[in-house]
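The structure appears below as structure tokens.
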Amino acid sequence: MAILGLMDTEKYSSQRFKNVRRSVFYFYPNGAAPLTGIMSLLKEEKSNDPEFKWFEKRMADQSTVTAAANSAGPFTTSGGNVDIVSPITVTAGLAVRVKTAADGTEKLRPGHVVQITNAGLSSGSADLKLVVVSVVDSTKFEARFLEVPSSTVLNTTANNGKETLVVGSSFAEGVVDTSRGIYNLPVELGNYTQIFRTPFTITGTALKTSARFDETGIYKDMAKEASVNNMIEIEKAMLFGTKSLYTGGDTPQRTMGGILWFLQQWEAGSTYGNTAATLDSDDNKRIIANASGTLSEKQYDTYLERVFRVTNNTVNEKLVLCGSGFLNVINQLYKSKSVLNTDLPMTDTYGMNVVKHLTPFGTIFYKTHPLFTQNPTLRYNALVLDAQNLVYRYLDGRDTELLKNRQPNDADYRKDEWLTEAGLELRFPESHMYLQNVRDYAP
């Protein structure tokens, strides 16, 4: 039952910070909570509020695609919106209006040199080069041709959906640049801290009674086991947690969003401003279903290339936490190759026994995860992590600690508990990936 007037969100503790997670990790470097242990060795930040936020900014792509104007193709007359009859005879300096996809001109400004890639001609295709003269609205810009292609340009459906890429800028001598500036706002993200409590009790008599395996009694072993259970609960929340805030009780109850939750937000396409993804073949897909259960070498290389496109600015490597079934399949796939550059195993990375794989895209370290291996479904899954893009956020004064004597004053037993209030800051979800159902391989 909650106490009336209990402060529940802004409480600050001045207790000395003790990083118990790091001690537990050193005791159990290959134990049940390797992710939590790894994060204790990486960057961590305190939070003075149970809701914490951060900003992410991605480099603007500076590209769009052409779209149908009034008729079939993307080109209309300059200064108006009248279709140009196909095919178009291009002369040096010919000005046209170009239609783009929705909001396609947001990244364009006068002076930009653009390339309409692989545009259809009456004979063959070519990359059309134009310089932007003005931006008409969110889907139209006016430009003039910089060169004459080898044949006339089609103004039909064949030239819709063509990549329009900024390839530089060009301005006349002595002219004041009155073109608009382009600024991309960062994306604001957030998560909650979650309260983890793992109590353990022992009677006053048992506290003073020795055991065959420890003459000082079982208290120390109970405390150690409870600390491991506390780490396991944090680990599972960081993997599978869902961000939520419940205010229907006497005090708020929060849960953190875990790694998979952030990957789901990325795939939805509404939080980060990226294109939504539903199929494994989609470029932004980060939770791979692999419904067939078989993974080919070509598919695996495709996924590795996809996840390595974005890495931290420290090292070009990924950590793969996986089940034993997944690692067995990957090992068989590697063995089928005549040459394999690996170090098997190594212990100088993350303080654990890991398998190192050198790929053309970067370095991968494989580590079997007990929580995956022990589960018959998760055994064939793997979580590809950019460890430097994970940050452990603890509430100031509420990182993992052992709270003693939580029992009533007249109780003939002792109750202690491990308490942690912390959350996960996951940066750039596109730098992570979750591979599922890898039960066999195809050469």
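All residue names refer to the structure tokens as shown: chains lettered A, B, ... in order, residues numbered from 1 in each chain, ligands numbered from 1 in order.
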Please produce, as CSV, a per-residue contact table for range 343-442 of chain A versus range 317-326 of chain A (criterion: any atom at most 7 Å away, only C-alpha atoms considered), showing the nearest atom pair and its distance in Å to one decimal, sorted by chain then residue number.
residue,atom,partner,partner_atom,distance
A:Gly362,CA,A:Glu317,CA,5.4
A:Thr363,CA,A:Glu317,CA,4.5
A:Ile364,CA,A:Lys318,CA,4.9
A:Phe365,CA,A:Leu319,CA,4.9
A:Tyr366,CA,A:Val320,CA,4.7
A:Lys367,CA,A:Leu321,CA,5.0
A:Thr368,CA,A:Cys322,CA,4.9
A:His369,CA,A:Cys322,CA,5.4
A:Phe372,CA,A:Gly323,CA,4.7
A:Thr373,CA,A:Gly323,CA,4.3
A:Leu378,CA,A:Gly323,CA,6.4
A:Arg379,CA,A:Gly323,CA,4.1
A:Tyr380,CA,A:Phe326,CA,4.3
A:Asn381,CA,A:Cys322,CA,5.8
A:Ala382,CA,A:Cys322,CA,4.0
A:Leu383,CA,A:Leu321,CA,5.2
A:Val384,CA,A:Val320,CA,4.4
A:Leu385,CA,A:Leu319,CA,5.1
A:Asp386,CA,A:Lys318,CA,5.0
A:Ala387,CA,A:Leu319,CA,6.6
A:Val438,CA,A:Phe326,CA,5.8
A:Arg439,CA,A:Phe326,CA,6.7
Residues near range 94-98 of chain A, cut-off 6 Å, only C-alpha atoms, skip fewer than 5 positions along chain, as a PDB file with C-alpha atoms, in the first residue's frame:
ATOM      1  CA  PRO A  74       8.209  14.163 -64.884  1.00  0.00           C
ATOM      2  CA  PHE A  75       9.011  17.085 -67.233  1.00  0.00           C
ATOM      3  CA  THR A  76       6.872  20.171 -67.859  1.00  0.00           C
ATOM      4  CA  THR A  77       7.665  23.576 -69.332  1.00  0.00           C
ATOM      5  CA  SER A  78       9.726  26.052 -67.351  1.00  0.00           C
ATOM      6  CA  LYS A 140       8.712  20.734 -58.191  1.00  0.00           C
ATOM      7  CA  PHE A 141      11.941  22.463 -59.125  1.00  0.00           C
ATOM      8  CA  GLU A 142      13.144  24.260 -62.232  1.00  0.00           C
ATOM      9  CA  ALA A 143      16.516  23.453 -63.761  1.00  0.00           C
ATOM     10  CA  ARG A 144      18.490  23.779 -66.955  1.00  0.00           C
ATOM     11  CA  PHE A 145      20.456  21.091 -68.743  1.00  0.00           C
TER      12      PHE A 145
END
Range 164-282 of chain A near range 411-434 of chain A within 7 Å: what's each residue's closest atom pair and its distance in Å to one decimal, counting only C-alpha atoms, ordered by chain then ascending residue number, as a tab-separated table?
residue	atom	partner	partner_atom	distance
A:Asn191	CA	A:Gly423	CA	6.9
A:Tyr192	CA	A:Gly423	CA	5.8
A:Thr193	CA	A:Gly423	CA	4.1
A:Gln194	CA	A:Glu421	CA	5.3
A:Ile195	CA	A:Glu421	CA	4.3
A:Phe196	CA	A:Thr420	CA	5.1
A:Arg197	CA	A:Leu419	CA	4.6
A:Thr198	CA	A:Trp418	CA	5.1
A:Pro199	CA	A:Glu417	CA	3.8
A:Phe200	CA	A:Asp416	CA	5.7
A:Thr201	CA	A:Lys415	CA	4.4
A:Ile202	CA	A:Arg414	CA	5.4
A:Thr203	CA	A:Tyr413	CA	3.9
A:Gly204	CA	A:Tyr413	CA	4.8
A:Ser227	CA	A:Trp418	CA	6.3
A:Asn230	CA	A:Trp418	CA	6.8
A:Met238	CA	A:Leu424	CA	6.5
A:Met256	CA	A:Gly423	CA	5.7
A:Gly258	CA	A:Leu424	CA	6.8
A:Phe262	CA	A:Pro429	CA	6.4
A:Leu263	CA	A:Pro429	CA	5.7
A:Trp266	CA	A:Pro429	CA	6.5
What lies within 8 Å of range 168-172 of chain A using only C-alpha atoms, ignoring chain neighbours under 3 positions off, as a short mmCIF file (atom, residue, chain, number, x, y, z; two decimals) with N, CA and C atoms, in the first residue's frame?
data_model
loop_
_atom_site.label_atom_id
_atom_site.label_comp_id
_atom_site.auth_asym_id
_atom_site.auth_seq_id
_atom_site.Cartn_x
_atom_site.Cartn_y
_atom_site.Cartn_z
N GLY A 111 21.23 26.42 -57.35
CA GLY A 111 22.68 26.26 -57.42
C GLY A 111 23.12 24.81 -57.30
N HIS A 112 22.24 23.95 -56.79
CA HIS A 112 22.60 22.54 -56.72
C HIS A 112 22.69 21.94 -58.13
N VAL A 113 23.72 21.15 -58.34
CA VAL A 113 23.82 20.36 -59.57
C VAL A 113 23.25 18.99 -59.26
N VAL A 114 22.26 18.56 -60.05
CA VAL A 114 21.60 17.29 -59.80
C VAL A 114 21.82 16.35 -60.98
N VAL A 131 21.35 21.94 -63.50
CA VAL A 131 21.59 22.81 -62.36
C VAL A 131 20.25 23.42 -61.95
N VAL A 175 28.04 36.87 -58.21
CA VAL A 175 26.60 36.91 -57.93
C VAL A 175 26.37 36.62 -56.45
N ASP A 177 24.68 35.04 -53.42
CA ASP A 177 23.93 33.80 -53.25
C ASP A 177 22.69 34.07 -52.41
#
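Nearest residue to Glu163 in chain A among A:Glu44, A:Asp250, A:Asp61, A:Glu235 is A:Asp61, counting only C-alpha atoms.
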